[in-house]
file start.pdb (PDB, C-alpha atoms)
ATOM      1  CA  MET A   1      11.644 -27.586 -18.063  1.00  0.00           C
ATOM      2  CA  SER A   2      11.858 -24.832 -15.456  1.00  0.00           C
ATOM      3  CA  VAL A   3       9.705 -21.693 -15.233  1.00  0.00           C
ATOM      4  CA  TYR A   4      12.845 -19.757 -16.191  1.00  0.00           C
ATOM      5  CA  ASP A   5      13.279 -21.833 -19.363  1.00  0.00           C
ATOM      6  CA  ASN A   6       9.624 -21.437 -20.317  1.00  0.00           C
ATOM      7  CA  LEU A   7       9.876 -17.689 -19.862  1.00  0.00           C
ATOM      8  CA  LYS A   8      13.049 -17.536 -21.914  1.00  0.00           C
ATOM      9  CA  MET A   9      11.420 -19.421 -24.802  1.00  0.00           C
ATOM     10  CA  SER A  10       8.363 -17.165 -24.657  1.00  0.00           C
ATOM     11  CA  LEU A  11      10.390 -13.964 -24.695  1.00  0.00           C
ATOM     12  CA  GLU A  12      12.591 -15.132 -27.528  1.00  0.00           C
ATOM     13  CA  HIS A  13       9.606 -15.939 -29.726  1.00  0.00           C
ATOM     14  CA  SER A  14       9.661 -13.474 -32.603  1.00  0.00           C
ATOM     15  CA  ALA A  15       5.916 -12.939 -32.807  1.00  0.00           C
ATOM     16  CA  THR A  16       4.305 -10.589 -30.336  1.00  0.00           C
ATOM     17  CA  ALA A  17       0.801 -11.115 -29.056  1.00  0.00           C
ATOM     18  CA  THR A  18      -2.034 -10.101 -31.347  1.00  0.00           C
ATOM     19  CA  ASP A  19      -4.582  -7.550 -30.195  1.00  0.00           C
ATOM     20  CA  SER A  20      -7.088 -10.283 -29.398  1.00  0.00           C
ATOM     21  CA  SER A  21      -4.659 -12.119 -27.123  1.00  0.00           C
ATOM     22  CA  SER A  22      -2.605  -9.220 -25.762  1.00  0.00           C
ATOM     23  CA  ILE A  23      -2.730  -9.326 -21.970  1.00  0.00           C
ATOM     24  CA  SER A  24      -1.772  -5.644 -21.823  1.00  0.00           C
ATOM     25  CA  LEU A  25      -4.789  -4.730 -23.975  1.00  0.00           C
ATOM     26  CA  ILE A  26      -7.092  -6.979 -21.968  1.00  0.00           C
ATOM     27  CA  LEU A  27      -5.941  -5.376 -18.721  1.00  0.00           C
ATOM     28  CA  TRP A  28      -6.270  -1.849 -20.137  1.00  0.00           C
ATOM     29  CA  ASN A  29      -9.805  -2.525 -21.355  1.00  0.00           C
ATOM     30  CA  GLU A  30     -10.786  -3.967 -17.981  1.00  0.00           C
ATOM     31  CA  CYS A  31      -9.749  -0.674 -16.385  1.00  0.00           C
ATOM     32  CA  ARG A  32     -11.525   1.633 -18.832  1.00  0.00           C
ATOM     33  CA  GLN A  33     -13.987   2.879 -16.222  1.00  0.00           C
ATOM     34  CA  LEU A  34     -11.200   3.887 -13.851  1.00  0.00           C
ATOM     35  CA  VAL A  35      -9.275   5.459 -16.737  1.00  0.00           C
ATOM     36  CA  GLU A  36     -12.317   7.541 -17.627  1.00  0.00           C
ATOM     37  CA  GLU A  37     -12.728   8.593 -14.004  1.00  0.00           C
ATOM     38  CA  THR A  38      -9.089   9.701 -14.020  1.00  0.00           C
ATOM     39  CA  GLU A  39      -9.648  11.670 -17.228  1.00  0.00           C
ATOM     40  CA  ARG A  40     -12.471  13.529 -15.483  1.00  0.00           C
ATOM     41  CA  HIS A  41     -10.529  14.212 -12.296  1.00  0.00           C
ATOM     42  CA  PRO A  42     -10.287  17.981 -11.723  1.00  0.00           C
ATOM     43  CA  PHE A  43      -6.493  17.771 -11.416  1.00  0.00           C
ATOM     44  CA  VAL A  44      -6.254  16.292 -14.905  1.00  0.00           C
ATOM     45  CA  GLU A  45      -8.909  18.536 -16.443  1.00  0.00           C
ATOM     46  CA  GLN A  46      -7.327  21.678 -15.011  1.00  0.00           C
ATOM     47  CA  LEU A  47      -3.859  20.493 -16.021  1.00  0.00           C
ATOM     48  CA  PHE A  48      -5.099  20.152 -19.589  1.00  0.00           C
ATOM     49  CA  ASP A  49      -6.791  23.553 -19.769  1.00  0.00           C
ATOM     50  CA  GLN A  50      -3.875  25.220 -17.955  1.00  0.00           C
ATOM     51  CA  THR A  51      -5.900  26.395 -14.928  1.00  0.00           C
ATOM     52  CA  LEU A  52      -4.437  24.063 -12.282  1.00  0.00           C
ATOM     53  CA  GLY A  53      -3.267  25.803  -9.112  1.00  0.00           C
ATOM     54  CA  LYS A  54       0.470  26.353  -8.687  1.00  0.00           C
ATOM     55  CA  ARG A  55       0.737  24.645  -5.299  1.00  0.00           C
ATOM     56  CA  GLN A  56      -1.101  21.574  -6.541  1.00  0.00           C
ATOM     57  CA  PHE A  57       1.326  21.174  -9.423  1.00  0.00           C
ATOM     58  CA  GLN A  58       4.305  21.761  -7.142  1.00  0.00           C
ATOM     59  CA  PHE A  59       3.003  19.029  -4.847  1.00  0.00           C
ATOM     60  CA  TYR A  60       2.547  16.714  -7.819  1.00  0.00           C
ATOM     61  CA  VAL A  61       6.084  17.324  -9.137  1.00  0.00           C
ATOM     62  CA  GLU A  62       7.581  16.628  -5.703  1.00  0.00           C
ATOM     63  CA  GLN A  63       5.696  13.369  -5.293  1.00  0.00           C
ATOM     64  CA  ASP A  64       6.153  12.146  -8.848  1.00  0.00           C
ATOM     65  CA  ALA A  65       9.900  12.736  -8.675  1.00  0.00           C
ATOM     66  CA  PHE A  66       9.997  10.522  -5.581  1.00  0.00           C
ATOM     67  CA  PHE A  67       7.852   7.875  -7.251  1.00  0.00           C
ATOM     68  CA  LEU A  68      10.099   7.764 -10.317  1.00  0.00           C
ATOM     69  CA  VAL A  69      13.054   6.714  -8.162  1.00  0.00           C
ATOM     70  CA  GLY A  70      11.123   3.638  -7.101  1.00  0.00           C
ATOM     71  CA  PHE A  71       9.924   3.058 -10.653  1.00  0.00           C
ATOM     72  CA  ALA A  72      13.459   3.102 -12.057  1.00  0.00           C
ATOM     73  CA  ARG A  73      14.641   0.764  -9.331  1.00  0.00           C
ATOM     74  CA  ALA A  74      11.867  -1.670 -10.209  1.00  0.00           C
ATOM     75  CA  TYR A  75      13.095  -1.878 -13.799  1.00  0.00           C
ATOM     76  CA  CYS A  76      16.652  -2.466 -12.609  1.00  0.00           C
ATOM     77  CA  SER A  77      15.502  -5.154 -10.185  1.00  0.00           C
ATOM     78  CA  LEU A  78      13.608  -6.953 -12.946  1.00  0.00           C
ATOM     79  CA  ALA A  79      16.597  -6.624 -15.257  1.00  0.00           C
ATOM     80  CA  ALA A  80      18.501  -8.827 -12.820  1.00  0.00           C
ATOM     81  CA  SER A  81      15.958 -11.564 -13.621  1.00  0.00           C
ATOM     82  CA  ALA A  82      16.068 -11.083 -17.380  1.00  0.00           C
ATOM     83  CA  PRO A  83      16.399 -14.496 -19.070  1.00  0.00           C
ATOM     84  CA  THR A  84      18.170 -13.087 -22.157  1.00  0.00           C
ATOM     85  CA  TRP A  85      20.546 -10.280 -22.994  1.00  0.00           C
ATOM     86  CA  PRO A  86      18.048  -8.517 -25.331  1.00  0.00           C
ATOM     87  CA  ILE A  87      15.450  -8.484 -22.555  1.00  0.00           C
ATOM     88  CA  LEU A  88      17.985  -7.059 -20.119  1.00  0.00           C
ATOM     89  CA  VAL A  89      18.761  -4.318 -22.639  1.00  0.00           C
ATOM     90  CA  GLU A  90      15.054  -3.569 -23.071  1.00  0.00           C
ATOM     91  CA  LEU A  91      14.551  -3.206 -19.340  1.00  0.00           C
ATOM     92  CA  HIS A  92      17.536  -0.925 -18.985  1.00  0.00           C
ATOM     93  CA  SER A  93      16.278   1.209 -21.864  1.00  0.00           C
ATOM     94  CA  LEU A  94      12.977   1.550 -20.003  1.00  0.00           C
ATOM     95  CA  ALA A  95      14.865   2.545 -16.856  1.00  0.00           C
ATOM     96  CA  ASP A  96      16.774   5.090 -18.930  1.00  0.00           C
ATOM     97  CA  GLY A  97      13.433   6.491 -20.051  1.00  0.00           C
ATOM     98  CA  VAL A  98      12.489   7.013 -16.392  1.00  0.00           C
ATOM     99  CA  ILE A  99      15.786   8.805 -15.774  1.00  0.00           C
ATOM    100  CA  LYS A 100      15.036  11.138 -18.668  1.00  0.00           C
ATOM    101  CA  GLU A 101      11.517  11.647 -17.332  1.00  0.00           C
ATOM    102  CA  ARG A 102      12.918  12.659 -13.973  1.00  0.00           C
ATOM    103  CA  GLU A 103      15.155  15.170 -15.739  1.00  0.00           C
ATOM    104  CA  LEU A 104      11.945  16.794 -16.968  1.00  0.00           C
ATOM    105  CA  HIS A 105      10.855  17.002 -13.348  1.00  0.00           C
ATOM    106  CA  LYS A 106      14.127  18.701 -12.447  1.00  0.00           C
ATOM    107  CA  ASN A 107      13.397  21.308 -15.083  1.00  0.00           C
ATOM    108  CA  LEU A 108       9.838  21.701 -13.855  1.00  0.00           C
ATOM    109  CA  ALA A 109      11.076  21.927 -10.269  1.00  0.00           C
ATOM    110  CA  ALA A 110      13.464  24.735 -11.201  1.00  0.00           C
ATOM    111  CA  LYS A 111      10.689  26.545 -13.060  1.00  0.00           C
ATOM    112  CA  TRP A 112       8.255  26.190 -10.162  1.00  0.00           C
ATOM    113  CA  ASN A 113      10.752  26.746  -7.349  1.00  0.00           C
ATOM    114  CA  VAL A 114      10.414  23.200  -6.039  1.00  0.00           C
ATOM    115  CA  SER A 115      13.214  21.338  -4.262  1.00  0.00           C
ATOM    116  CA  LEU A 116      13.448  17.631  -5.037  1.00  0.00           C
ATOM    117  CA  ASP A 117      16.062  17.033  -2.353  1.00  0.00           C
ATOM    118  CA  ASN A 118      14.873  15.224   0.752  1.00  0.00           C
ATOM    119  CA  THR A 119      11.302  15.238  -0.544  1.00  0.00           C
ATOM    120  CA  ALA A 120       8.899  13.495   1.846  1.00  0.00           C
ATOM    121  CA  ALA A 121       6.665  10.881   0.248  1.00  0.00           C
ATOM    122  CA  GLU A 122       2.986  11.159   1.078  1.00  0.00           C
ATOM    123  CA  PRO A 123       0.837   8.055   1.803  1.00  0.00           C
ATOM    124  CA  ALA A 124      -0.517   7.817  -1.771  1.00  0.00           C
ATOM    125  CA  THR A 125       3.038   7.837  -3.118  1.00  0.00           C
ATOM    126  CA  ASN A 126       4.312   5.304  -0.612  1.00  0.00           C
ATOM    127  CA  SER A 127       1.374   3.001  -1.314  1.00  0.00           C
ATOM    128  CA  TYR A 128       2.142   3.004  -5.032  1.00  0.00           C
ATOM    129  CA  VAL A 129       5.844   2.299  -4.554  1.00  0.00           C
ATOM    130  CA  GLU A 130       5.049  -0.479  -2.077  1.00  0.00           C
ATOM    131  CA  LEU A 131       2.586  -2.041  -4.530  1.00  0.00           C
ATOM    132  CA  ILE A 132       5.303  -2.252  -7.175  1.00  0.00           C
ATOM    133  CA  GLN A 133       7.851  -3.641  -4.726  1.00  0.00           C
ATOM    134  CA  ASN A 134       5.420  -6.276  -3.459  1.00  0.00           C
ATOM    135  CA  SER A 135       4.425  -7.215  -7.006  1.00  0.00           C
ATOM    136  CA  ILE A 136       8.043  -7.996  -7.831  1.00  0.00           C
ATOM    137  CA  LYS A 137       8.252 -10.259  -4.775  1.00  0.00           C
ATOM    138  CA  GLU A 138       4.928 -12.013  -5.414  1.00  0.00           C
ATOM    139  CA  ALA A 139       4.884 -12.391  -9.215  1.00  0.00           C
ATOM    140  CA  PRO A 140       4.372 -16.014 -10.376  1.00  0.00           C
ATOM    141  CA  ALA A 141       7.142 -15.390 -12.932  1.00  0.00           C
ATOM    142  CA  PRO A 142       9.592 -12.485 -12.512  1.00  0.00           C
ATOM    143  CA  LEU A 143       8.622 -10.365 -15.509  1.00  0.00           C
ATOM    144  CA  MET A 144       4.906 -10.783 -14.913  1.00  0.00           C
ATOM    145  CA  ALA A 145       5.479  -8.095 -12.267  1.00  0.00           C
ATOM    146  CA  LEU A 146       5.515  -5.695 -15.217  1.00  0.00           C
ATOM    147  CA  ALA A 147       1.718  -5.754 -14.871  1.00  0.00           C
ATOM    148  CA  ALA A 148       2.183  -3.377 -11.935  1.00  0.00           C
ATOM    149  CA  LEU A 149       4.345  -0.968 -13.958  1.00  0.00           C
ATOM    150  CA  THR A 150       2.444  -0.926 -17.232  1.00  0.00           C
ATOM    151  CA  PRO A 151      -0.573   1.122 -16.022  1.00  0.00           C
ATOM    152  CA  CYS A 152       1.599   4.142 -15.265  1.00  0.00           C
ATOM    153  CA  MET A 153       3.191   4.201 -18.699  1.00  0.00           C
ATOM    154  CA  ARG A 154       0.025   3.481 -20.680  1.00  0.00           C
ATOM    155  CA  LEU A 155      -2.096   5.945 -18.672  1.00  0.00           C
ATOM    156  CA  TYR A 156       0.426   8.760 -19.049  1.00  0.00           C
ATOM    157  CA  ALA A 157       0.797   8.082 -22.772  1.00  0.00           C
ATOM    158  CA  HIS A 158      -3.001   8.168 -23.021  1.00  0.00           C
ATOM    159  CA  LEU A 159      -3.288  11.376 -20.986  1.00  0.00           C
ATOM    160  CA  GLY A 160      -0.524  12.987 -23.016  1.00  0.00           C
ATOM    161  CA  GLU A 161      -2.462  12.377 -26.231  1.00  0.00           C
ATOM    162  CA  LEU A 162      -5.716  13.488 -24.610  1.00  0.00           C
ATOM    163  CA  GLY A 163      -4.052  16.642 -23.296  1.00  0.00           C
ATOM    164  CA  LYS A 164      -2.687  17.460 -26.730  1.00  0.00           C
ATOM    165  CA  LYS A 165      -6.184  17.033 -28.179  1.00  0.00           C
ATOM    166  CA  THR A 166      -7.595  19.363 -25.511  1.00  0.00           C
ATOM    167  CA  LEU A 167      -5.055  22.067 -26.360  1.00  0.00           C
ATOM    168  CA  THR A 168      -6.011  21.827 -30.017  1.00  0.00           C
ATOM    169  CA  GLU A 169      -9.761  21.801 -29.456  1.00  0.00           C
ATOM    170  CA  LYS A 170      -9.657  24.726 -27.016  1.00  0.00           C
ATOM    171  CA  ARG A 171      -7.025  26.549 -29.084  1.00  0.00           C
ATOM    172  CA  ILE A 172      -4.695  26.883 -26.126  1.00  0.00           C
ATOM    173  CA  ALA A 173      -1.221  27.877 -27.291  1.00  0.00           C
ATOM    174  CA  VAL A 174       0.248  29.251 -24.063  1.00  0.00           C
ATOM    175  CA  GLY A 175       0.170  27.762 -20.583  1.00  0.00           C
ATOM    176  CA  ASP A 176       2.236  26.681 -17.622  1.00  0.00           C
ATOM    177  CA  TYR A 177       1.667  22.970 -18.134  1.00  0.00           C
ATOM    178  CA  ILE A 178       2.139  22.581 -21.868  1.00  0.00           C
ATOM    179  CA  ASP A 179       5.626  21.133 -21.296  1.00  0.00           C
ATOM    180  CA  TRP A 180       4.047  18.291 -19.309  1.00  0.00           C
ATOM    181  CA  ILE A 181       1.623  17.515 -22.117  1.00  0.00           C
ATOM    182  CA  ASP A 182       4.387  17.708 -24.722  1.00  0.00           C
ATOM    183  CA  GLU A 183       6.513  15.234 -22.758  1.00  0.00           C
ATOM    184  CA  TYR A 184       3.846  12.560 -22.414  1.00  0.00           C
ATOM    185  CA  SER A 185       2.414  12.981 -25.906  1.00  0.00           C
ATOM    186  CA  SER A 186       5.878  12.736 -27.453  1.00  0.00           C
ATOM    187  CA  THR A 187       6.716   9.928 -29.848  1.00  0.00           C
ATOM    188  CA  GLU A 188       9.547   8.838 -27.565  1.00  0.00           C
ATOM    189  CA  PHE A 189       7.279   8.368 -24.560  1.00  0.00           C
ATOM    190  CA  GLN A 190       4.572   6.657 -26.619  1.00  0.00           C
ATOM    191  CA  GLU A 191       7.178   4.191 -27.863  1.00  0.00           C
ATOM    192  CA  LEU A 192       8.358   3.451 -24.327  1.00  0.00           C
ATOM    193  CA  ALA A 193       4.796   2.654 -23.244  1.00  0.00           C
ATOM    194  CA  THR A 194       4.362   0.344 -26.229  1.00  0.00           C
ATOM    195  CA  LYS A 195       7.717  -1.341 -25.536  1.00  0.00           C
ATOM    196  CA  LEU A 196       6.700  -2.068 -21.957  1.00  0.00           C
ATOM    197  CA  GLU A 197       3.361  -3.525 -23.039  1.00  0.00           C
ATOM    198  CA  SER A 198       5.077  -5.697 -25.613  1.00  0.00           C
ATOM    199  CA  LEU A 199       7.455  -6.996 -22.976  1.00  0.00           C
ATOM    200  CA  LEU A 200       4.579  -7.840 -20.643  1.00  0.00           C
ATOM    201  CA  ASP A 201       2.717  -9.584 -23.479  1.00  0.00           C
ATOM    202  CA  ARG A 202       5.732 -11.749 -24.225  1.00  0.00           C
ATOM    203  CA  ALA A 203       6.426 -12.513 -20.574  1.00  0.00           C
ATOM    204  CA  TYR A 204       2.852 -13.405 -19.727  1.00  0.00           C
ATOM    205  CA  ASP A 205       2.153 -17.053 -19.031  1.00  0.00           C
ATOM    206  CA  ALA A 206      -1.542 -17.826 -18.538  1.00  0.00           C
ATOM    207  CA  SER A 207      -0.692 -21.202 -17.016  1.00  0.00           C
ATOM    208  CA  LEU A 208       1.076 -19.453 -14.132  1.00  0.00           C
ATOM    209  CA  ASP A 209      -1.337 -16.574 -13.653  1.00  0.00           C
ATOM    210  CA  ASN A 210      -3.837 -16.974 -10.824  1.00  0.00           C
ATOM    211  CA  GLY A 211      -5.370 -13.546 -11.248  1.00  0.00           C
ATOM    212  CA  PHE A 212      -2.133 -11.821 -10.254  1.00  0.00           C
ATOM    213  CA  CYS A 213      -1.802  -9.610 -13.328  1.00  0.00           C
ATOM    214  CA  MET A 214      -5.365  -8.330 -13.200  1.00  0.00           C
ATOM    215  CA  ARG A 215      -5.132  -7.683  -9.483  1.00  0.00           C
ATOM    216  CA  VAL A 216      -1.916  -5.665  -9.550  1.00  0.00           C
ATOM    217  CA  TYR A 217      -2.816  -3.856 -12.787  1.00  0.00           C
ATOM    218  CA  LYS A 218      -6.118  -2.644 -11.332  1.00  0.00           C
ATOM    219  CA  ALA A 219      -4.442  -1.745  -8.053  1.00  0.00           C
ATOM    220  CA  ALA A 220      -1.789   0.278  -9.872  1.00  0.00           C
ATOM    221  CA  MET A 221      -4.422   2.094 -11.923  1.00  0.00           C
ATOM    222  CA  GLY A 222      -6.223   2.893  -8.688  1.00  0.00           C
ATOM    223  CA  CYS A 223      -2.970   4.249  -7.277  1.00  0.00           C
ATOM    224  CA  GLU A 224      -2.728   6.561 -10.283  1.00  0.00           C
ATOM    225  CA  TYR A 225      -6.142   8.035  -9.497  1.00  0.00           C
ATOM    226  CA  GLU A 226      -5.246   8.463  -5.830  1.00  0.00           C
ATOM    227  CA  PHE A 227      -1.954  10.068  -6.811  1.00  0.00           C
ATOM    228  CA  PHE A 228      -3.736  12.823  -8.752  1.00  0.00           C
ATOM    229  CA  ASN A 229      -6.357  13.081  -6.020  1.00  0.00           C
ATOM    230  CA  ALA A 230      -3.724  13.598  -3.329  1.00  0.00           C
ATOM    231  CA  ALA A 231      -2.067  16.340  -5.352  1.00  0.00           C
ATOM    232  CA  PHE A 232      -5.332  18.113  -6.069  1.00  0.00           C
ATOM    233  CA  HIS A 233      -6.364  18.149  -2.424  1.00  0.00           C
ATOM    234  CA  LEU A 234      -2.811  18.820  -1.213  1.00  0.00           C
ATOM    235  CA  TYR A 235      -2.827  15.911   1.202  1.00  0.00           C
ATOM    236  CA  SER A 236      -0.135  16.446   3.804  1.00  0.00           C
ATOM    237  CA  GLY A 237       0.151  12.852   4.897  1.00  0.00           C
ATOM    238  CA  ILE A 238      -0.333  12.313   8.590  1.00  0.00           C
ATOM    239  CA  ASN A 239       1.333   8.911   8.364  1.00  0.00           C
ATOM    240  CA  GLU A 240       5.054   8.407   8.675  1.00  0.00           C
ATOM    241  CA  LYS A 241       6.791   9.665   5.541  1.00  0.00           C
ATOM    242  CA  THR A 242       9.719   8.341   3.594  1.00  0.00           C
ATOM    243  CA  THR A 243      12.235  10.759   2.121  1.00  0.00           C
ATOM    244  CA  THR A 244      14.242  10.660  -1.069  1.00  0.00           C
ATOM    245  CA  ASP A 245      17.402  10.564   1.039  1.00  0.00           C
ATOM    246  CA  GLU A 246      16.212   7.280   2.564  1.00  0.00           C
ATOM    247  CA  MET A 247      15.632   5.815  -0.903  1.00  0.00           C
ATOM    248  CA  ARG A 248      19.181   6.510  -2.065  1.00  0.00           C
TER
END
call {"tool": "encode", "arguments": {"input": "start.pdb", "output": "structure tokens"}}
result
Amino acid sequence: MSVYDNLKMSLEHSATATDSSSISLILWNECRQLVEETERHPFVEQLFDQTLGKRQFQFYVEQDAFFLVGFARAYCSLAASAPTWPILVELHSLADGVIKERELHKNLAAKWNVSLDNTAAEPATNSYVELIQNSIKEAPAPLMALAALTPCMRLYAHLGELGKKTLTEKRIAVGDYIDWIDEYSSTEFQELATKLESLLDRAYDASLDNGFCMRVYKAAMGCEYEFFNAAFHLYSGINEKTTTDEMR
């Protein structure tokens, strides 16, 4: 039986992984220290309490809009390897979620006078996109590459909930970044993060994994931290940049 057939049988199995065996939960727990460091990053803390500088948020919106193009393309690339029609539909629904997320960025860009056309990607952004692209090429089974995409969705769902809690605890009702918190704490986004984790759990094959999933998951979570760090310090990458026009 081929790897493709094994993956197909795994994905078609009706039962999802339990908490004790869920690879997505194991990976998340292994990265708790880095998650907590991200929670404490001044970009995130100031975003939550609505004191983040305007230019830092503009920089973030520009870079995240670029990143989301690569993220959506990753879903579409993996959809081409989907062993069943339902899995293909799931992947395209996740890609659709990214498209909707980028629409939020268009709204934020208009509000903050940011142009998303021909945006230049900074080194932290390029590194993250390249990690995802390389993970797709190197995955021991096609959909195990989802381990490189899951950190983004789970971290943002987590930060959305944490941001909402901060607004409540500090009794903040008005602020420039409440829309961001509302987006990532929304039921729709939480469900997308859970859907992606479920798909990774079903695609995971321990017999094929040689440490790949842990390696790319941790690397992606590290990229998330560096992404916020770059925005906070307004890194103007000295390396060669890629533009959104070149990604089209």
call {"tool": "atom_distance", "arguments": {"input": "start.pdb", "atom1": "atom CA of A:Ala206", "atom2": "atom CA of A:Cys152"}}
result
22.4 Å
call {"tool": "resolve_selection", "arguments": {"input": "start.pdb", "expression": "the PyMOL selection byres ((chain A and resi 79) around 9)", "output": "list in words"}}
result
Ala74, Tyr75, Cys76, Ser77, Leu78, Ala80, Ser81, Ala82, Pro83, Ile87, Leu88, Val89, Glu90, Leu91, His92 and Leu143 of chain A
call {"tool": "write_last_selection", "arguments": {"input": "start.pdb", "atoms": "C-alpha atoms", "output": "JSON list (two decimals), in the coordinates of the input"}}
result
[["chain", "number", "residue", "atom", "x", "y", "z"],
["A", 74, "ALA", "CA", 11.87, -1.67, -10.21],
["A", 75, "TYR", "CA", 13.10, -1.88, -13.80],
["A", 76, "CYS", "CA", 16.65, -2.47, -12.61],
["A", 77, "SER", "CA", 15.50, -5.15, -10.18],
["A", 78, "LEU", "CA", 13.61, -6.95, -12.95],
["A", 80, "ALA", "CA", 18.50, -8.83, -12.82],
["A", 81, "SER", "CA", 15.96, -11.56, -13.62],
["A", 82, "ALA", "CA", 16.07, -11.08, -17.38],
["A", 83, "PRO", "CA", 16.40, -14.50, -19.07],
["A", 87, "ILE", "CA", 15.45, -8.48, -22.56],
["A", 88, "LEU", "CA", 17.98, -7.06, -20.12],
["A", 89, "VAL", "CA", 18.76, -4.32, -22.64],
["A", 90, "GLU", "CA", 15.05, -3.57, -23.07],
["A", 91, "LEU", "CA", 14.55, -3.21, -19.34],
["A", 92, "HIS", "CA", 17.54, -0.92, -18.98],
["A", 143, "LEU", "CA", 8.62, -10.36, -15.51]]
call {"tool": "atom_distance", "arguments": {"input": "start.pdb", "atom1": "atom CA of A:Cys223", "atom2": "atom CA of A:Leu162"}}
result
19.8 Å
call {"tool": "residues_near_point", "arguments": {"input": "start.pdb", "point": "(0.6, 5.3, -6.4)", "cutoff": "12 Å", "atoms": "only C-alpha atoms", "output": "ChimeraX atom specification"}}
result
/A:60,63-64,66-68,70-71,121-133,148-149,151-152,216-231
call {"tool": "write_last_selection", "arguments": {"input": "start.pdb", "atoms": "C-alpha atoms", "output": "PDB file, in the frame of the given file"}}
result
ATOM      1  CA  TYR A  60       2.547  16.714  -7.819  1.00  0.00           C
ATOM      2  CA  GLN A  63       5.696  13.369  -5.293  1.00  0.00           C
ATOM      3  CA  ASP A  64       6.153  12.146  -8.848  1.00  0.00           C
ATOM      4  CA  PHE A  66       9.997  10.522  -5.581  1.00  0.00           C
ATOM      5  CA  PHE A  67       7.852   7.875  -7.251  1.00  0.00           C
ATOM      6  CA  LEU A  68      10.099   7.764 -10.317  1.00  0.00           C
ATOM      7  CA  GLY A  70      11.123   3.638  -7.101  1.00  0.00           C
ATOM      8  CA  PHE A  71       9.924   3.058 -10.653  1.00  0.00           C
ATOM      9  CA  ALA A 121       6.665  10.881   0.248  1.00  0.00           C
ATOM     10  CA  GLU A 122       2.986  11.159   1.078  1.00  0.00           C
ATOM     11  CA  PRO A 123       0.837   8.055   1.803  1.00  0.00           C
ATOM     12  CA  ALA A 124      -0.517   7.817  -1.771  1.00  0.00           C
ATOM     13  CA  THR A 125       3.038   7.837  -3.118  1.00  0.00           C
ATOM     14  CA  ASN A 126       4.312   5.304  -0.612  1.00  0.00           C
ATOM     15  CA  SER A 127       1.374   3.001  -1.314  1.00  0.00           C
ATOM     16  CA  TYR A 128       2.142   3.004  -5.032  1.00  0.00           C
ATOM     17  CA  VAL A 129       5.844   2.299  -4.554  1.00  0.00           C
ATOM     18  CA  GLU A 130       5.049  -0.479  -2.077  1.00  0.00           C
ATOM     19  CA  LEU A 131       2.586  -2.041  -4.530  1.00  0.00           C
ATOM     20  CA  ILE A 132       5.303  -2.252  -7.175  1.00  0.00           C
ATOM     21  CA  GLN A 133       7.851  -3.641  -4.726  1.00  0.00           C
ATOM     22  CA  ALA A 148       2.183  -3.377 -11.935  1.00  0.00           C
ATOM     23  CA  LEU A 149       4.345  -0.968 -13.958  1.00  0.00           C
ATOM     24  CA  PRO A 151      -0.573   1.122 -16.022  1.00  0.00           C
ATOM     25  CA  CYS A 152       1.599   4.142 -15.265  1.00  0.00           C
ATOM     26  CA  VAL A 216      -1.916  -5.665  -9.550  1.00  0.00           C
ATOM     27  CA  TYR A 217      -2.816  -3.856 -12.787  1.00  0.00           C
ATOM     28  CA  LYS A 218      -6.118  -2.644 -11.332  1.00  0.00           C
ATOM     29  CA  ALA A 219      -4.442  -1.745  -8.053  1.00  0.00           C
ATOM     30  CA  ALA A 220      -1.789   0.278  -9.872  1.00  0.00           C
ATOM     31  CA  MET A 221      -4.422   2.094 -11.923  1.00  0.00           C
ATOM     32  CA  GLY A 222      -6.223   2.893  -8.688  1.00  0.00           C
ATOM     33  CA  CYS A 223      -2.970   4.249  -7.277  1.00  0.00           C
ATOM     34  CA  GLU A 224      -2.728   6.561 -10.283  1.00  0.00           C
ATOM     35  CA  TYR A 225      -6.142   8.035  -9.497  1.00  0.00           C
ATOM     36  CA  GLU A 226      -5.246   8.463  -5.830  1.00  0.00           C
ATOM     37  CA  PHE A 227      -1.954  10.068  -6.811  1.00  0.00           C
ATOM     38  CA  PHE A 228      -3.736  12.823  -8.752  1.00  0.00           C
ATOM     39  CA  ASN A 229      -6.357  13.081  -6.020  1.00  0.00           C
ATOM     40  CA  ALA A 230      -3.724  13.598  -3.329  1.00  0.00           C
ATOM     41  CA  ALA A 231      -2.067  16.340  -5.352  1.00  0.00           C
TER      42      ALA A 231
END
call {"tool": "resolve_selection", "arguments": {"input": "start.pdb", "expression": "the PyMOL selection byres ((chain A and resi 20-35) around 9)", "output": "list in words"}}
result
Thr16, Ala17, Thr18, Asp19, Glu36, Glu37, Thr38, Glu39, Arg40, Ala147, Thr150, Pro151, Arg154, Leu155, Glu197, Ser198, Leu200, Asp201, Arg202, Tyr204, Cys213, Met214, Tyr217, Lys218, Met221, Gly222 and Tyr225 of chain A
call {"tool": "write_last_selection", "arguments": {"input": "start.pdb", "atoms": "C-alpha atoms", "output": "compact mmCIF listing (two decimals), in the coordinates of the input"}}
result
# COMPACT_ATOMS: atom_id res chain seq x y z
CA THR A 16 4.30 -10.59 -30.34
CA ALA A 17 0.80 -11.12 -29.06
CA THR A 18 -2.03 -10.10 -31.35
CA ASP A 19 -4.58 -7.55 -30.20
CA GLU A 36 -12.32 7.54 -17.63
CA GLU A 37 -12.73 8.59 -14.00
CA THR A 38 -9.09 9.70 -14.02
CA GLU A 39 -9.65 11.67 -17.23
CA ARG A 40 -12.47 13.53 -15.48
CA ALA A 147 1.72 -5.75 -14.87
CA THR A 150 2.44 -0.93 -17.23
CA PRO A 151 -0.57 1.12 -16.02
CA ARG A 154 0.02 3.48 -20.68
CA LEU A 155 -2.10 5.94 -18.67
CA GLU A 197 3.36 -3.52 -23.04
CA SER A 198 5.08 -5.70 -25.61
CA LEU A 200 4.58 -7.84 -20.64
CA ASP A 201 2.72 -9.58 -23.48
CA ARG A 202 5.73 -11.75 -24.22
CA TYR A 204 2.85 -13.40 -19.73
CA CYS A 213 -1.80 -9.61 -13.33
CA MET A 214 -5.36 -8.33 -13.20
CA TYR A 217 -2.82 -3.86 -12.79
CA LYS A 218 -6.12 -2.64 -11.33
CA MET A 221 -4.42 2.09 -11.92
CA GLY A 222 -6.22 2.89 -8.69
CA TYR A 225 -6.14 8.04 -9.50
